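J.: One structure, as structure tokens, below. Some questions next.
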Amino acid sequence: MVRKAYIILADGHVFEGKAFGALGCVTGEMVFTTGMVGYLETLTDPSYYGQIIVQTFPLIGNYGVIPSDFESAGPHLQGYVVREYCDFPSNFRSQGTLDDFLKSNNVVGVYDVDTRAITKLIREAGVMNARILTFSGDSQTDQKVQEELEKALNEHTKDSYLKELASLDIPAAIPKVTGSAESISQSSEEVFKQSALYKAVPVTPEGQKVMDLEAAARKGKGKKVLLWDFGAKANIRRELQKRGLDVVTIKAQTTAEEIFAMKPDGIMLSNGPGDPSQNPDIIAQIKTVSDSGIPLFGICMGHQLLALARGAKTYKLKYGHRGGNQPVKELATGRVYISSQNHGYAVDNDTLPAGAQLGFVNANDGTCEGIIYTDIPAFSVQFHPEAASGPLDTNFLFDNFVELIQKNPSDKRK
């Protein structure tokens with residue numbers, strides 16, 4: 001049976017649609033993502049914690065649910081909004097439908113709404129809080145939903161309702177998602193086997209695939225890297241493993257002292273959700289670690305946290321960068337890459353400290369997409385080089401990290 005659903009934006013706009021997935025009422029920050037494919041990675045990306053996602057591509061779910069494509073054990077978003085979802089997927093790896101997946105993970109979904117109109121509103125006004133209300137067929141529950149909907153529409157109660165909606169805040173998110181991909185971690189042997197099967201192998205800066213996995217892993221053999229998990233996507237770990245590195249995942253709350261005791265050869269600072277500046281304790285630990293001489297590579301949230309630790313500032317973007325089609329320009333070469341991104345905050349270009357220089361910028365708006373540190377062995381990028389977003393991907397940055405580790409051996413650190 002088709003159930004009605006309503007989306008209430010904090011600016012007063014209301015959209016009527018149909019419910020799919022789980023039924024219920026949820027509140028979150030509404031954002032849009034422009035990827036044509038990759039909805040499974042989006043649904044399971046911990047960086048979407050607390051958000052309601054609008055897919056700009058009109059048809060979602062056409063290749064079903066493929067667990068091996070998950071970026072963590074399950075979804076972290078609040079709600080999912082699509083124009084049309086496919087209930088009869090076609091893919092030889094599919095193990096179910098999007099509707100069933102959302103139901104089993106208690107994610108509220110809405111379809112048959114004008115996602116283009118919602119996206120245009122967010123582009124003009126910026127990201128904003130929103131609430132999804134769905135009717136379940138239970139008379140007592142639906143009565144409460146109807147009363148809340150009337151509050152949002154009634155001219156006498158609308159202002160106070162919207163004010164309350166706009167004031168709701170997502171608490172510090174990193175502690176909620178750290179370690180969420182550990183349960184789907186694989187051994188290096190399994191990673192090598194699968195990467196060869198689907199030719200998801202390392203890529204050189206020239207765009208050539210390194211099909212010999214032994215050659216790809218040779219430089220990293222015997223080196224231990226800590227994956228500092230702020231909500232890490234599973235593929236970051238896999239890309240490190242493909243290069244022969246011994247990867248140990250550590251929680252976000254790990255202290256610098258505990259890290260030093262592990263004697264790592266390098267540290268990967270992962271992606272994660274929320275406002276980076278809301279994590280002063282983590283930033284302080286990163287500052288201590290960054291002064292030690294251990295090679296660092298930051299991605300997305302890790303990029304922002306490292307920048308804050310070194311003295312830069314971050315700010316919230318109007319509507320963020322989310323999708324697998326975001327252009328970034330490498331300043332050293334002038335080359336433009338198509339990247340995958342998912343972030344609502346950026347490092348302020350004008351606040352980079354001495355010893356830090358821009359490595360990449362966004363080709364659309366000039367915002368910071370990468371930093372090269374000259375006073376410590378470290379670099380970072382705002383985009384996701386592990387996400388295979390283009391034929392000439394930025395996958396080679398993982399090889400650059402291995403080379404940085406080789407140039408800064410542990411026995412020569414200060």
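Chain lettering (A, B, ...) mirrors the order of the structure tokens, residue numbering begins at 1 for each chain separately, and ligand numbering begins at 1 in order of display.
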Once DSSP has gone over the backbone, tell me which residues of segment 247-292 of chain A are in strand (DSSP E), as an MDAnalysis selection string.
T.: chainID A and resid 247:251 266:269
J.: Include C-alpha atoms and write out the residues we just selected as a PDB file, in the first residue's frame.
T.:
```pdb
ATOM      1  CA  VAL A 247      47.041  -1.368   8.085  1.00  0.00           C
ATOM      2  CA  VAL A 248      45.932  -1.055  11.706  1.00  0.00           C
ATOM      3  CA  THR A 249      42.667   0.813  12.332  1.00  0.00           C
ATOM      4  CA  ILE A 250      42.541   2.997  15.435  1.00  0.00           C
ATOM      5  CA  LYS A 251      39.536   4.805  16.918  1.00  0.00           C
ATOM      6  CA  GLY A 266      52.787   6.435   8.631  1.00  0.00           C
ATOM      7  CA  ILE A 267      49.303   7.590   9.575  1.00  0.00           C
ATOM      8  CA  MET A 268      46.220   7.972   7.394  1.00  0.00           C
ATOM      9  CA  LEU A 269      43.714  10.555   8.652  1.00  0.00           C
TER      10      LEU A 269
END
```
J.: Quick one: pick out all alpha helix (DSSP H) residues within segment 213-333 of chain A from a backbone DSSP run and write them as a VMD selection string.
T.: chain A and resid 213 to 217 234 to 242 256 to 262 280 to 290 301 to 309
J.: What's around Leu331 of chain A at 12 Å? Count only C-alpha atoms, leave out sequence neighbours fewer than 5 positions away in its own chain, and write the answer as a PDB file with N, CA and C atoms, in the first residue's frame.
T.:
```
ATOM      1  N   VAL A 336      43.497  18.920 -14.549  1.00  0.00           N
ATOM      2  CA  VAL A 336      42.203  18.847 -13.876  1.00  0.00           C
ATOM      3  C   VAL A 336      41.763  17.382 -13.794  1.00  0.00           C
ATOM      4  N   TYR A 337      41.362  16.963 -12.603  1.00  0.00           N
ATOM      5  CA  TYR A 337      40.863  15.614 -12.375  1.00  0.00           C
ATOM      6  C   TYR A 337      39.392  15.678 -11.972  1.00  0.00           C
ATOM      7  N   GLN A 357      51.066  24.902   1.699  1.00  0.00           N
ATOM      8  CA  GLN A 357      50.730  25.525   0.428  1.00  0.00           C
ATOM      9  C   GLN A 357      49.631  24.741  -0.268  1.00  0.00           C
ATOM     10  N   LEU A 358      48.840  25.445  -1.054  1.00  0.00           N
ATOM     11  CA  LEU A 358      47.755  24.798  -1.787  1.00  0.00           C
ATOM     12  C   LEU A 358      48.303  23.795  -2.794  1.00  0.00           C
ATOM     13  N   GLY A 359      47.723  22.611  -2.803  1.00  0.00           N
ATOM     14  CA  GLY A 359      48.106  21.604  -3.785  1.00  0.00           C
ATOM     15  C   GLY A 359      47.066  21.427  -4.868  1.00  0.00           C
ATOM     16  N   PHE A 360      45.776  21.495  -4.466  1.00  0.00           N
ATOM     17  CA  PHE A 360      44.654  21.382  -5.389  1.00  0.00           C
ATOM     18  C   PHE A 360      43.632  22.453  -5.037  1.00  0.00           C
ATOM     19  N   VAL A 361      42.901  22.923  -6.048  1.00  0.00           N
ATOM     20  CA  VAL A 361      41.763  23.811  -5.818  1.00  0.00           C
ATOM     21  C   VAL A 361      40.571  23.290  -6.598  1.00  0.00           C
ATOM     22  N   ASN A 362      39.374  23.635  -6.127  1.00  0.00           N
ATOM     23  CA  ASN A 362      38.163  23.267  -6.827  1.00  0.00           C
ATOM     24  C   ASN A 362      38.035  24.105  -8.094  1.00  0.00           C
ATOM     25  N   ALA A 363      37.833  23.446  -9.226  1.00  0.00           N
ATOM     26  CA  ALA A 363      37.790  24.165 -10.505  1.00  0.00           C
ATOM     27  C   ALA A 363      36.520  24.991 -10.663  1.00  0.00           C
ATOM     28  N   GLY A 366      37.124  27.544  -6.637  1.00  0.00           N
ATOM     29  CA  GLY A 366      38.436  27.946  -6.143  1.00  0.00           C
ATOM     30  C   GLY A 366      38.724  27.579  -4.698  1.00  0.00           C
ATOM     31  N   CYS A 368      39.729  25.296  -1.342  1.00  0.00           N
ATOM     32  CA  CYS A 368      40.871  24.420  -1.079  1.00  0.00           C
ATOM     33  C   CYS A 368      40.490  22.957  -1.265  1.00  0.00           C
ATOM     34  N   GLU A 369      41.258  22.249  -2.109  1.00  0.00           N
ATOM     35  CA  GLU A 369      41.040  20.824  -2.331  1.00  0.00           C
ATOM     36  C   GLU A 369      42.261  19.989  -1.952  1.00  0.00           C
ATOM     37  N   GLY A 370      43.329  20.641  -1.545  1.00  0.00           N
ATOM     38  CA  GLY A 370      44.504  19.882  -1.141  1.00  0.00           C
ATOM     39  C   GLY A 370      45.589  20.792  -0.604  1.00  0.00           C
ATOM     40  N   ILE A 371      46.364  20.273   0.348  1.00  0.00           N
ATOM     41  CA  ILE A 371      47.449  21.039   0.962  1.00  0.00           C
ATOM     42  C   ILE A 371      48.713  20.189   0.982  1.00  0.00           C
ATOM     43  N   ILE A 372      49.825  20.817   0.643  1.00  0.00           N
ATOM     44  CA  ILE A 372      51.148  20.192   0.765  1.00  0.00           C
ATOM     45  C   ILE A 372      51.886  20.908   1.887  1.00  0.00           C
TER      46      ILE A 372
END
```
J.: From the set A:Met301, A:Ala216, A:Met30, A:Ile376, which residue has the shortest atom-to-atom contact distance to Val289 of chain A, counting only C-alpha atoms?
T.: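 Selected residue with least distance to Val289 of chain A: A:Ile376.
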J.: Could you state the separation of atom CA of Asp169 of chain A and atom CA of Asp275 of chain A in Å, given to one decimal place?
T.: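 Atom CA of Asp169 of chain A sits 11.1 Å away from atom CA of Asp275 of chain A.
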J.: For Val127 of chain A, which of A:Val201, A:Val31, A:Ala215, A:Ala232 is the closest residue, counting only C-alpha atoms?
T.: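 The shortest atom-to-atom distance to Val127 of chain A comes from A:Val31.
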J.: Check the smallest atom-to-atom distance from each of A:Ala73, A:Ala200, A:Ala261, A:Leu227 to Ala387 of chain A using only C-alpha atoms, then report the winner.
T.: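 Closest candidate: A:Ala200.
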